[in-house]
>>> print(open('data23.tsv').read())   # TSV, C-alpha atoms and all ligand atoms
chain	number	residue	atom	x	y	z
J	682	MET	CA	-3.34	-3.06	66.56
J	683	GLY	CA	-5.06	-0.35	68.63
J	684	GLU	CA	-6.64	-3.00	70.85
J	685	TYR	CA	-3.25	-4.64	71.34
J	686	ARG	CA	-1.64	-1.33	72.39
J	687	LYS	CA	-4.51	-0.62	74.76
J	688	TYR	CA	-4.11	-4.12	76.23
J	689	SER	CA	-0.32	-3.83	76.70
J	690	HIS	CA	-0.77	-0.37	78.26
J	691	TRP	CA	-3.31	-1.78	80.71
J	692	LEU	CA	-1.08	-4.78	81.42
J	693	TYR	CA	1.92	-2.49	82.05
J	694	ASN	CA	-0.09	-0.21	84.39
J	695	ILE	CA	-1.66	-3.00	86.40
J	696	THR	CA	1.67	-4.86	86.74
J	697	LEU	CA	3.47	-1.66	87.74
J	698	TYR	CA	0.72	-0.94	90.27
J	699	LYS	CA	1.03	-4.42	91.80
J	700	VAL	CA	4.81	-4.12	91.91
J	701	LEU	CA	4.65	-0.67	93.51
J	702	THR	CA	2.15	-1.93	96.09
J	703	ARG	CA	4.48	-4.91	96.55
J	704	ASP	CA	1.63	-7.27	95.81
J	705	TRP	CA	4.11	-9.72	94.19
J	706	GLN	CA	1.70	-12.60	93.99
J	707	LYS	CA	-0.89	-10.59	91.99
J	708	ALA	CA	1.83	-9.09	89.79
J	709	TYR	CA	3.14	-12.59	89.01
J	710	SER	CA	-0.36	-13.87	88.36
J	711	VAL	CA	-1.14	-11.01	85.89
J	712	ILE	CA	2.10	-11.62	83.98
J	713	ARG	CA	1.54	-15.39	83.98
J	714	THR	CA	-2.01	-15.10	82.61
J	715	SER	CA	-0.89	-12.79	79.84
J	716	LEU	CA	2.05	-15.07	78.99
J	717	LEU	CA	-0.30	-18.04	78.80
J	718	THR	CA	-2.49	-16.08	76.35
J	719	LEU	CA	0.62	-15.26	74.29
J	720	GLU	CA	1.72	-18.90	74.41
J	721	LYS	CA	-1.67	-19.98	73.10
J	722	LEU	CA	-1.43	-17.45	70.27
J	723	ILE	CA	2.08	-18.61	69.33
J	724	LEU	CA	1.01	-22.25	69.48
J	725	LEU	CA	-2.01	-21.61	67.26
J	726	SER	CA	0.15	-19.70	64.76
J	727	ILE	CA	2.64	-22.59	64.64
J	728	LEU	CA	-0.20	-25.08	64.09
J	729	PHE	CA	-1.60	-22.92	61.30
J	730	LEU	CA	1.82	-22.66	59.63
J	731	LEU	CA	2.37	-26.41	59.93
J	732	GLN	CA	-1.05	-27.13	58.45
J	733	THR	CA	-0.36	-24.81	55.51
J	734	ALA	CA	3.06	-26.38	54.93
J	735	TRP	CA	1.48	-29.85	55.03
J	736	LYS	CA	-1.08	-28.82	52.42
J	737	ILE	CA	1.65	-27.45	50.14
J	738	ILE	CA	3.79	-30.59	50.53
J	739	ASN	CA	0.80	-32.77	49.67
J	740	LEU	CA	-0.24	-30.90	46.52
J	741	PRO	CA	-0.10	-33.23	43.49
J	742	THR	CA	3.25	-32.91	41.74
J	743	ASP	CA	1.34	-32.20	38.53
J	744	SER	CA	-1.42	-29.65	38.65
J	745	PHE	CA	-4.86	-30.68	37.36
J	746	ARG	CA	-4.04	-29.17	33.99
J	747	SER	CA	-0.71	-30.85	33.45
J	748	GLN	CA	-2.09	-34.17	34.65
J	749	THR	CA	-4.84	-34.00	32.10
J	750	TYR	CA	-3.01	-32.29	29.30
J	751	LYS	CA	0.55	-33.35	28.89
J	752	LYS	CA	2.99	-30.71	27.84
J	753	LYS	CA	5.02	-31.57	24.75
J	754	GLY	CA	7.43	-29.30	22.97
J	755	GLU	CA	5.76	-26.05	22.04
J	756	PHE	CA	2.30	-27.49	22.66
J	757	ASP	CA	0.65	-26.75	25.95
J	758	PHE	CA	-2.20	-29.25	25.75
J	759	MET	CA	-3.00	-32.10	23.44
J	760	LYS	CA	-6.79	-31.98	23.47
J	761	LEU	CA	-8.37	-30.02	20.66
J	762	GLU	CA	-10.72	-28.11	22.93
J	763	TYR	CA	-7.79	-26.77	24.98
J	764	ILE	CA	-5.09	-25.94	22.47
J	765	PHE	CA	-4.43	-22.61	20.73
J	766	PRO	CA	-4.47	-21.55	17.06
J	767	LYS	CA	-0.66	-21.60	16.84
J	768	ASP	CA	-0.67	-25.21	18.08
J	769	ILE	CA	-3.30	-26.18	15.53
J	770	GLU	CA	-1.29	-24.62	12.71
J	771	LYS	CA	1.84	-26.49	13.79
J	772	ALA	CA	-0.05	-29.79	14.09
J	773	LYS	CA	-1.62	-29.36	10.65
J	774	ALA	CA	1.68	-28.39	9.04
J	775	GLU	CA	3.45	-31.39	10.58
J	776	LYS	CA	0.50	-33.68	9.80
J	777	TRP	CA	-0.05	-34.77	13.38
J	778	PRO	CA	-2.86	-37.31	13.65
J	779	LEU	CA	-6.14	-35.75	14.82
J	780	VAL	CA	-8.16	-38.55	16.40
J	781	ILE	CA	-11.88	-38.41	17.19
J	782	PRO	CA	-13.14	-41.05	19.66
J	783	VAL	CA	-16.53	-42.38	18.56
J	784	GLY	CA	-18.82	-44.35	20.88
J	785	THR	CA	-22.33	-44.52	22.29
J	786	ILE	CA	-24.64	-43.88	25.19
J	787	GLU	CA	-25.97	-47.42	25.52
J	788	TYR	CA	-27.37	-49.74	28.19
J	789	HIS	CA	-24.58	-51.98	29.49
J	790	GLY	CA	-26.34	-53.75	32.36
J	791	PRO	CA	-26.70	-52.54	35.95
J	792	HIS	CA	-22.96	-52.78	36.66
J	793	CYS	CA	-21.40	-50.87	33.78
J	794	SER	CA	-21.72	-47.22	32.78
J	795	PHE	CA	-23.74	-46.01	29.77
J	796	GLY	CA	-20.75	-44.25	28.23
J	797	CYS	CA	-18.70	-47.45	28.14
J	798	ASP	CA	-17.98	-47.51	24.42
J	799	THR	CA	-17.00	-43.86	24.12
J	800	LEU	CA	-14.95	-44.09	27.31
J	801	VAL	CA	-12.98	-47.05	25.96
J	802	ALA	CA	-12.06	-45.07	22.83
J	803	TYR	CA	-11.33	-41.91	24.81
J	804	GLY	CA	-9.37	-43.69	27.52
J	805	LEU	CA	-7.15	-45.45	24.98
J	806	LEU	CA	-6.42	-42.10	23.32
J	807	GLU	CA	-5.58	-40.49	26.66
J	808	ARG	CA	-2.99	-43.25	27.09
J	809	LEU	CA	-1.76	-43.06	23.50
J	810	GLU	CA	-1.33	-39.31	23.76
J	811	LYS	CA	1.27	-39.89	26.48
J	812	GLU	CA	3.38	-41.91	24.08
J	813	LYS	CA	2.79	-40.32	20.72
J	814	ASN	CA	2.21	-36.89	19.16
J	815	ILE	CA	-1.53	-36.87	18.52
J	816	ILE	CA	-4.33	-34.38	18.96
J	817	VAL	CA	-7.35	-35.88	20.72
J	818	ALA	CA	-10.60	-34.30	19.50
J	819	PRO	CA	-13.73	-34.15	21.70
J	820	PRO	CA	-15.57	-37.50	21.65
J	821	ILE	CA	-18.78	-38.23	19.78
J	822	TRP	CA	-21.18	-39.71	22.32
J	823	TYR	CA	-24.55	-39.87	20.54
J	824	SER	CA	-24.66	-42.32	17.68
J	825	PRO	CA	-26.42	-45.32	16.09
J	826	SER	CA	-26.32	-47.39	19.27
J	827	SER	CA	-29.29	-49.45	17.99
J	828	TYR	CA	-31.85	-50.99	20.31
J	829	ALA	CA	-30.36	-54.46	19.86
J	830	VAL	CA	-29.37	-54.74	23.53
J	831	ALA	CA	-32.19	-52.73	25.12
J	832	GLY	CA	-34.74	-50.07	24.31
J	833	PRO	CA	-34.73	-46.42	25.30
J	834	GLU	CA	-36.53	-47.22	28.56
J	835	LYS	CA	-33.24	-48.71	29.76
J	836	GLY	CA	-31.27	-45.61	28.86
J	837	THR	CA	-29.93	-46.30	25.38
J	838	ILE	CA	-29.88	-43.22	23.14
J	839	HIS	CA	-30.07	-44.08	19.46
J	840	VAL	CA	-29.42	-41.73	16.53
J	841	GLU	CA	-30.52	-42.83	13.05
J	842	SER	CA	-27.47	-43.81	11.03
J	843	ASP	CA	-28.34	-41.42	8.15
J	844	VAL	CA	-28.55	-38.50	10.57
J	845	PHE	CA	-25.34	-39.61	12.21
J	846	GLU	CA	-23.60	-39.85	8.85
J	847	GLN	CA	-24.57	-36.25	8.08
J	848	TYR	CA	-23.30	-35.13	11.47
J	849	ILE	CA	-19.95	-36.87	10.98
J	850	TYR	CA	-19.77	-35.54	7.41
J	851	ASN	CA	-20.16	-31.97	8.68
J	852	ILE	CA	-17.50	-32.33	11.36
J	853	LEU	CA	-15.05	-33.86	8.90
J	854	LYS	CA	-15.86	-31.21	6.31
J	855	SER	CA	-14.79	-28.40	8.65
J	856	LEU	CA	-11.62	-30.27	9.50
J	857	LEU	CA	-10.68	-31.09	5.91
J	858	TYR	CA	-11.39	-27.57	4.63
J	859	GLY	CA	-9.56	-26.30	7.71
J	860	GLY	CA	-6.41	-28.02	6.49
J	861	TRP	CA	-6.27	-31.22	8.54
J	862	ARG	CA	-4.87	-34.06	6.43
J	863	ASN	CA	-4.40	-36.86	8.95
J	864	ILE	CA	-7.75	-37.54	10.60
J	865	TYR	CA	-8.83	-40.72	12.39
J	866	LEU	CA	-12.21	-41.84	13.70
J	867	LEU	CA	-11.57	-44.35	16.47
J	868	ILE	CA	-14.64	-46.51	17.06
J	869	HIS	CA	-15.68	-48.78	19.89
J	870	HIS	CA	-19.16	-50.15	19.21
J	871	GLN	CA	-20.50	-53.15	17.25
J	872	TYR	CA	-17.13	-53.89	15.70
J	873	GLU	CA	-16.88	-57.65	16.36
J	874	GLN	CA	-14.26	-59.15	14.04
J	875	GLU	CA	-14.22	-55.81	12.24
J	876	ASN	CA	-17.69	-56.43	10.79
J	877	LEU	CA	-19.07	-53.37	9.04
J	878	LEU	CA	-22.18	-52.36	10.97
J	879	PRO	CA	-24.17	-49.08	10.84
J	880	MET	CA	-21.90	-46.83	12.94
J	881	THR	CA	-18.73	-47.82	11.13
J	882	LEU	CA	-20.42	-47.70	7.74
J	883	SER	CA	-21.76	-44.20	8.45
J	884	CYS	CA	-18.29	-42.97	9.36
J	885	MET	CA	-16.69	-44.58	6.33
J	886	LYS	CA	-19.34	-43.27	3.94
J	887	ALA	CA	-19.13	-39.74	5.33
J	888	ALA	CA	-15.34	-39.81	4.98
J	889	LYS	CA	-15.21	-41.09	1.41
J	890	LYS	CA	-18.11	-38.98	0.15
J	891	LEU	CA	-16.44	-35.88	1.59
J	892	THR	CA	-13.03	-36.73	0.15
J	893	PHE	CA	-14.46	-37.01	-3.39
J	894	GLU	CA	-16.48	-33.81	-3.03
J	895	TYR	CA	-13.48	-31.94	-1.65
J	896	LEU	CA	-11.22	-33.06	-4.50
J	897	GLU	CA	-13.76	-31.99	-7.11
J	898	ASP	CA	-14.36	-28.72	-5.36
J	899	THR	CA	-10.70	-27.79	-4.95
J	900	ARG	CA	-9.13	-29.40	-8.05
J	901	GLY	CA	-12.10	-29.03	-10.38
J	902	LYS	CA	-14.33	-31.53	-12.18
J	903	GLY	CA	-12.24	-33.98	-14.18
J	904	TRP	CA	-9.28	-33.50	-11.85
J	905	TRP	CA	-8.39	-37.19	-11.92
J	906	GLY	CA	-8.39	-37.43	-15.73
J	907	ASP	CA	-6.50	-34.20	-16.26
J	908	ASN	CA	-2.98	-34.60	-17.68
J	909	SER	CA	-1.55	-32.62	-14.77
J	910	ASN	CA	-2.58	-35.60	-12.62
J	911	LYS	CA	-0.61	-38.21	-14.55
J	912	GLU	CA	1.70	-38.78	-11.57
J	913	PHE	CA	-1.32	-39.72	-9.40
J	914	TYR	CA	-0.41	-43.36	-8.83
J	915	ASP	CA	3.25	-42.55	-8.24
J	916	GLN	CA	2.21	-40.13	-5.52
J	917	LEU	CA	-0.32	-42.42	-3.84
J	918	ASP	CA	2.18	-43.58	-1.26
J	919	GLY	CA	3.24	-40.01	-0.62
J	920	GLN	CA	2.19	-37.99	2.39
J	921	ASP	CA	-0.62	-36.26	0.55
J	922	ASN	CA	-2.50	-39.37	-0.56
J	923	PRO	CA	-6.19	-38.27	-0.39
J	924	TRP	CA	-7.35	-41.79	0.46
J	925	ASN	CA	-5.40	-41.54	3.72
J	926	TRP	CA	-6.75	-38.16	4.79
J	927	ILE	CA	-9.50	-39.77	6.90
J	928	THR	CA	-9.20	-43.26	8.37
J	929	VAL	CA	-11.82	-45.23	10.30
J	930	LEU	CA	-10.35	-47.62	12.86
J	931	PRO	CA	-11.66	-49.99	15.54
J	932	CYS	CA	-10.26	-49.64	19.05
J	933	MET	CA	-9.76	-53.40	19.08
J	934	SER	CA	-8.63	-54.85	15.77
J	935	LYS	CA	-9.60	-58.40	14.79
J	936	GLU	CA	-6.11	-59.54	15.85
J	937	VAL	CA	-6.42	-57.92	19.28
J	938	GLN	CA	-9.93	-59.35	19.71
J	939	ASN	CA	-8.63	-62.82	18.90
J	940	ALA	CA	-5.73	-62.43	21.31
J	941	THR	CA	-8.07	-61.39	24.13
J	942	GLY	CA	-11.84	-61.48	23.75
J	943	TYR	CA	-14.70	-59.17	22.75
J	944	ASP	CA	-18.20	-58.86	24.18
J	945	HIS	CA	-20.85	-56.41	25.33
J	946	ALA	CA	-20.73	-55.50	29.04
J	947	GLY	CA	-19.22	-58.88	29.87
J	948	LYS	CA	-15.83	-60.11	31.06
J	949	TRP	CA	-13.80	-58.43	28.32
J	950	GLU	CA	-15.49	-55.08	27.91
J	951	CYS	CA	-15.75	-54.58	31.67
J	952	SER	CA	-12.07	-55.43	32.01
J	953	ILE	CA	-10.83	-52.89	29.48
J	954	LEU	CA	-13.22	-50.23	30.77
J	955	SER	CA	-12.29	-50.76	34.41
J	956	ALA	CA	-8.59	-50.57	33.53
J	957	LEU	CA	-9.18	-47.17	31.91
J	958	TYR	CA	-11.81	-45.78	34.32
J	959	PRO	CA	-12.10	-48.01	37.43
J	960	GLU	CA	-15.15	-46.21	38.84
J	961	THR	CA	-17.32	-47.08	35.81
J	962	VAL	CA	-17.68	-50.81	36.61
J	963	VAL	CA	-19.23	-52.07	39.87
J	964	LYS	CA	-19.25	-55.86	39.95
J	965	GLU	CA	-21.54	-56.06	43.01
J	966	TYR	CA	-24.37	-54.76	40.82
J	967	ILE	CA	-24.22	-57.75	38.43
J	968	LYS	CA	-26.54	-59.71	40.72
J	969	ASP	CA	-29.26	-57.10	40.09
J	970	SER	CA	-29.95	-58.64	36.68
J	971	ASP	CA	-30.09	-62.13	35.13
J	972	GLU	CA	-29.32	-60.88	31.61
J	973	TRP	CA	-27.20	-63.50	29.86
J	974	PHE	CA	-24.63	-61.14	28.41
J	975	ILE	CA	-23.48	-59.65	31.71
J	976	GLN	CA	-23.03	-62.74	33.87
J	977	ASP	CA	-19.37	-63.40	33.04
J	978	ALA	CA	-18.52	-59.79	33.87
J	979	ILE	CA	-17.92	-61.21	37.36
J	980	GLU	CA	-14.63	-62.54	35.93
J	981	SER	CA	-13.55	-59.11	34.70
J	982	SER	CA	-10.52	-57.46	36.26
J	983	THR	CA	-8.29	-54.46	35.77
J	984	GLU	CA	-5.35	-56.86	35.25
J	985	ILE	CA	-7.07	-58.45	32.24
J	986	GLY	CA	-8.01	-54.92	31.15
J	987	GLU	CA	-4.46	-53.61	31.34
J	988	ASN	CA	-3.32	-56.42	29.06
J	989	MET	CA	-6.09	-55.53	26.60
J	990	VAL	CA	-5.11	-51.86	26.76
J	991	SER	CA	-1.46	-52.56	26.01
J	992	LEU	CA	-2.35	-54.80	23.05
J	993	CYS	CA	-4.69	-52.11	21.68
J	994	LEU	CA	-2.05	-49.41	22.11
J	995	GLU	CA	0.62	-51.48	20.41
J	996	ASP	CA	-1.73	-51.94	17.44
J	997	LEU	CA	-2.90	-48.31	17.36
J	998	LYS	CA	0.66	-46.98	17.51
J	999	ASN	CA	1.30	-48.73	14.19
J	1000	LYS	CA	-1.94	-47.62	12.57
J	1001	ILE	CA	-2.21	-44.02	13.72
J	1002	LYS	CA	0.76	-42.42	11.99
F	1	ZN	ZN	-19.96	-51.53	24.85
>>> encode(input="data23.tsv", output="structure tokens")
Amino acid sequence: MGEYRKYSHWLYNITLYKVLTRDWQKAYSVIRTSLLTLEKLILLSILFLLQTAWKIINLPTDSFRSQTYKKKGEFDFMKLEYIFPKDIEKAKAEKWPLVIPVGTIEYHGPHCSFGCDTLVAYGLLERLEKEKNIIVAPPIWYSPSSYAVAGPEKGTIHVESDVFEQYIYNILKSLLYGGWRNIYLLIHHQYEQENLLPMTLSCMKAAKKLTFEYLEDTRGKGWWGDNSNKEFYDQLDGQDNPWNWITVLPCMSKEVQNATGYDHAGKWECSILSALYPETVVKEYIKDSDEWFIQDAIESSTEIGENMVSLCLEDLKNKIK
């Protein structure tokens, strides 16, 4: 501000001097130069204001947070890692489904990302969460991928199924003892025609083993045979049926697979993945390999994928209750 005052004082003096000496041309020139400087300043300020306004207008209507974590009722976010204790207590009390996406880090050819399987499960849940009250738990990425498709030199990370079972068992144990009674493991890996292969079997075994241990621990040994339990079968369809506490589900049921198709890194898997996360499939890279199982991925499309997604969601909406 001091500089500005000094400048205006100087401008006033020099202009007054030129006027007094009747040097009109110089006086006009001094005023004109200073006005031009002022004009430039005003113009720059207007440009700056316009630019700022443009930025504000073009901000996404949803902030990053609300885009990722939809607000519903009293809940702020629907992903377990983001919600608060009060939200967890409400979800447990109302028996909201808590769904854990389970997949792999596995070689899927040069054109398809390693996280494909986990991303399919996660992406479907991100869509389902927009339509239904569910809590999406952080995904499980490392698992019994197996080296059936390719060895570790191609990027597959395999975890022994017994180790994996223990890992799943421990996660579920915390959840069950924490009061969750409506847990789902949503799997996308080696689930053709709902065949029971190592990953699915590990999840199922962990779930059932834990349920039996929990019942014995909390209700005591002989709980089933105790006379206080004589209503057991009448209550099986009730909300607190222990056999429904933890459910293992495929992303694509046998019916959905038959209605569309199912493969590894080919036309069908690349379609569903690219519908959910378009940047994870690059069809131009298919030509980098002659592996038999990837060649028909050239026929994949997000349109086919969207159809697969909607069939999966329709099915999952009925099964995840
Ligand atoms: Zn896959």
>>> closest_residue(input="data23.tsv", among="J:Gly947, J:Gly942, J:Gly859, J:Gly906", to="Lys773 of chain J", atoms="only C-alpha atoms")
J:Gly859
>>> closest_residue(input="data23.tsv", among="J:Ile852, J:Leu867, J:Ile985, J:Ile786", to="ligand ZN 1 (chain F)", atoms="only C-alpha atoms and all ligand atoms")
J:Ile786
>>> closest_residue(input="data23.tsv", among="J:Leu930, J:Ala829, J:Val711, J:Cys884", to="ligand ZN 1 (chain F)", atoms="all atoms listed in the file")
J:Ala829
>>> residues_around(input="data23.tsv", residues="Pro825 of chain J", least_positions_apart="5", cutoff="12 Å", atoms="all atoms listed in the file", output="PyMOL selection string")
chain J and resi 783-787+837-846+848-849+868-871+878-884
>>> residues_near_ligand(input="data23.tsv", ligand="ligand ZN 1 (chain F)", cutoff="6 Å", atoms="all atoms listed in the file", output="list in words")
Cys797, Asp798, His870, His945 and Ala946 of chain J
>>> atom_distance(input="data23.tsv", atom1="atom CA of Pro778 of chain J", atom2="atom CA of Lys813 of chain J")
9.5 Å
>>> decode(input="data23.tsv", residues="segment 761-786 of chain J", atoms="N, CA and C atoms", output="PDB file, in the first residue's frame")
ATOM      1  N   LEU J 761     -16.522 -50.263   5.254  1.00  0.00           N
ATOM      2  CA  LEU J 761     -16.163 -50.531   6.643  1.00  0.00           C
ATOM      3  C   LEU J 761     -14.990 -49.684   7.128  1.00  0.00           C
ATOM      4  N   GLU J 762     -14.026 -49.483   6.251  1.00  0.00           N
ATOM      5  CA  GLU J 762     -12.829 -48.748   6.678  1.00  0.00           C
ATOM      6  C   GLU J 762     -13.094 -47.253   6.873  1.00  0.00           C
ATOM      7  N   TYR J 763     -14.259 -46.776   6.470  1.00  0.00           N
ATOM      8  CA  TYR J 763     -14.544 -45.344   6.587  1.00  0.00           C
ATOM      9  C   TYR J 763     -15.627 -44.997   7.603  1.00  0.00           C
ATOM     10  N   ILE J 764     -16.410 -46.006   8.016  1.00  0.00           N
ATOM     11  CA  ILE J 764     -17.546 -45.655   8.874  1.00  0.00           C
ATOM     12  C   ILE J 764     -17.118 -45.539  10.341  1.00  0.00           C
ATOM     13  N   PHE J 765     -18.067 -45.127  11.183  1.00  0.00           N
ATOM     14  CA  PHE J 765     -17.769 -44.837  12.591  1.00  0.00           C
ATOM     15  C   PHE J 765     -18.433 -45.874  13.495  1.00  0.00           C
ATOM     16  N   PRO J 766     -17.955 -45.957  14.750  1.00  0.00           N
ATOM     17  CA  PRO J 766     -18.525 -46.960  15.670  1.00  0.00           C
ATOM     18  C   PRO J 766     -20.049 -46.912  15.761  1.00  0.00           C
ATOM     19  N   LYS J 767     -20.623 -45.707  15.782  1.00  0.00           N
ATOM     20  CA  LYS J 767     -22.094 -45.636  15.904  1.00  0.00           C
ATOM     21  C   LYS J 767     -22.774 -46.265  14.677  1.00  0.00           C
ATOM     22  N   ASP J 768     -22.136 -46.121  13.509  1.00  0.00           N
ATOM     23  CA  ASP J 768     -22.691 -46.716  12.294  1.00  0.00           C
ATOM     24  C   ASP J 768     -22.614 -48.240  12.355  1.00  0.00           C
ATOM     25  N   ILE J 769     -21.477 -48.720  12.875  1.00  0.00           N
ATOM     26  CA  ILE J 769     -21.290 -50.170  12.989  1.00  0.00           C
ATOM     27  C   ILE J 769     -22.339 -50.766  13.939  1.00  0.00           C
ATOM     28  N   GLU J 770     -22.564 -50.070  15.061  1.00  0.00           N
ATOM     29  CA  GLU J 770     -23.542 -50.579  16.027  1.00  0.00           C
ATOM     30  C   GLU J 770     -24.940 -50.636  15.419  1.00  0.00           C
ATOM     31  N   LYS J 771     -25.282 -49.601  14.650  1.00  0.00           N
ATOM     32  CA  LYS J 771     -26.602 -49.566  13.993  1.00  0.00           C
ATOM     33  C   LYS J 771     -26.707 -50.707  12.972  1.00  0.00           C
ATOM     34  N   ALA J 772     -25.657 -50.877  12.170  1.00  0.00           N
ATOM     35  CA  ALA J 772     -25.668 -51.927  11.139  1.00  0.00           C
ATOM     36  C   ALA J 772     -25.785 -53.309  11.763  1.00  0.00           C
ATOM     37  N   LYS J 773     -25.064 -53.520  12.867  1.00  0.00           N
ATOM     38  CA  LYS J 773     -25.127 -54.831  13.529  1.00  0.00           C
ATOM     39  C   LYS J 773     -26.522 -55.071  14.103  1.00  0.00           C
ATOM     40  N   ALA J 774     -27.052 -54.032  14.764  1.00  0.00           N
ATOM     41  CA  ALA J 774     -28.366 -54.164  15.398  1.00  0.00           C
ATOM     42  C   ALA J 774     -29.446 -54.438  14.357  1.00  0.00           C
ATOM     43  N   GLU J 775     -29.317 -53.815  13.191  1.00  0.00           N
ATOM     44  CA  GLU J 775     -30.338 -53.988  12.142  1.00  0.00           C
ATOM     45  C   GLU J 775     -29.984 -55.120  11.189  1.00  0.00           C
ATOM     46  N   LYS J 776     -28.944 -55.851  11.508  1.00  0.00           N
ATOM     47  CA  LYS J 776     -28.480 -56.998  10.706  1.00  0.00           C
ATOM     48  C   LYS J 776     -28.259 -56.643   9.229  1.00  0.00           C
ATOM     49  N   TRP J 777     -27.599 -55.530   9.012  1.00  0.00           N
ATOM     50  CA  TRP J 777     -27.217 -55.187   7.643  1.00  0.00           C
ATOM     51  C   TRP J 777     -26.210 -56.221   7.150  1.00  0.00           C
ATOM     52  N   PRO J 778     -26.265 -56.609   5.882  1.00  0.00           N
ATOM     53  CA  PRO J 778     -25.240 -57.508   5.365  1.00  0.00           C
ATOM     54  C   PRO J 778     -23.871 -56.830   5.372  1.00  0.00           C
ATOM     55  N   LEU J 779     -22.863 -57.545   5.870  1.00  0.00           N
ATOM     56  CA  LEU J 779     -21.470 -57.091   5.774  1.00  0.00           C
ATOM     57  C   LEU J 779     -20.826 -58.001   4.729  1.00  0.00           C
ATOM     58  N   VAL J 780     -20.387 -57.431   3.626  1.00  0.00           N
ATOM     59  CA  VAL J 780     -19.910 -58.276   2.519  1.00  0.00           C
ATOM     60  C   VAL J 780     -18.412 -58.061   2.283  1.00  0.00           C
ATOM     61  N   ILE J 781     -17.673 -59.174   2.260  1.00  0.00           N
ATOM     62  CA  ILE J 781     -16.225 -59.097   2.014  1.00  0.00           C
ATOM     63  C   ILE J 781     -15.954 -59.614   0.592  1.00  0.00           C
ATOM     64  N   PRO J 782     -15.420 -58.758  -0.295  1.00  0.00           N
ATOM     65  CA  PRO J 782     -15.052 -59.241  -1.626  1.00  0.00           C
ATOM     66  C   PRO J 782     -13.767 -60.071  -1.540  1.00  0.00           C
ATOM     67  N   VAL J 783     -13.797 -61.238  -2.180  1.00  0.00           N
ATOM     68  CA  VAL J 783     -12.625 -62.128  -2.123  1.00  0.00           C
ATOM     69  C   VAL J 783     -12.163 -62.431  -3.547  1.00  0.00           C
ATOM     70  N   GLY J 784     -10.897 -62.175  -3.830  1.00  0.00           N
ATOM     71  CA  GLY J 784     -10.371 -62.426  -5.180  1.00  0.00           C
ATOM     72  C   GLY J 784      -8.916 -62.824  -5.145  1.00  0.00           C
ATOM     73  N   THR J 785      -8.173 -62.428  -6.173  1.00  0.00           N
ATOM     74  CA  THR J 785      -6.780 -62.878  -6.300  1.00  0.00           C
ATOM     75  C   THR J 785      -5.901 -61.763  -6.870  1.00  0.00           C
ATOM     76  N   ILE J 786      -4.606 -62.034  -6.814  1.00  0.00           N
ATOM     77  CA  ILE J 786      -3.636 -61.317  -7.651  1.00  0.00           C
ATOM     78  C   ILE J 786      -3.111 -62.415  -8.571  1.00  0.00           C
TER      79      ILE J 786
END
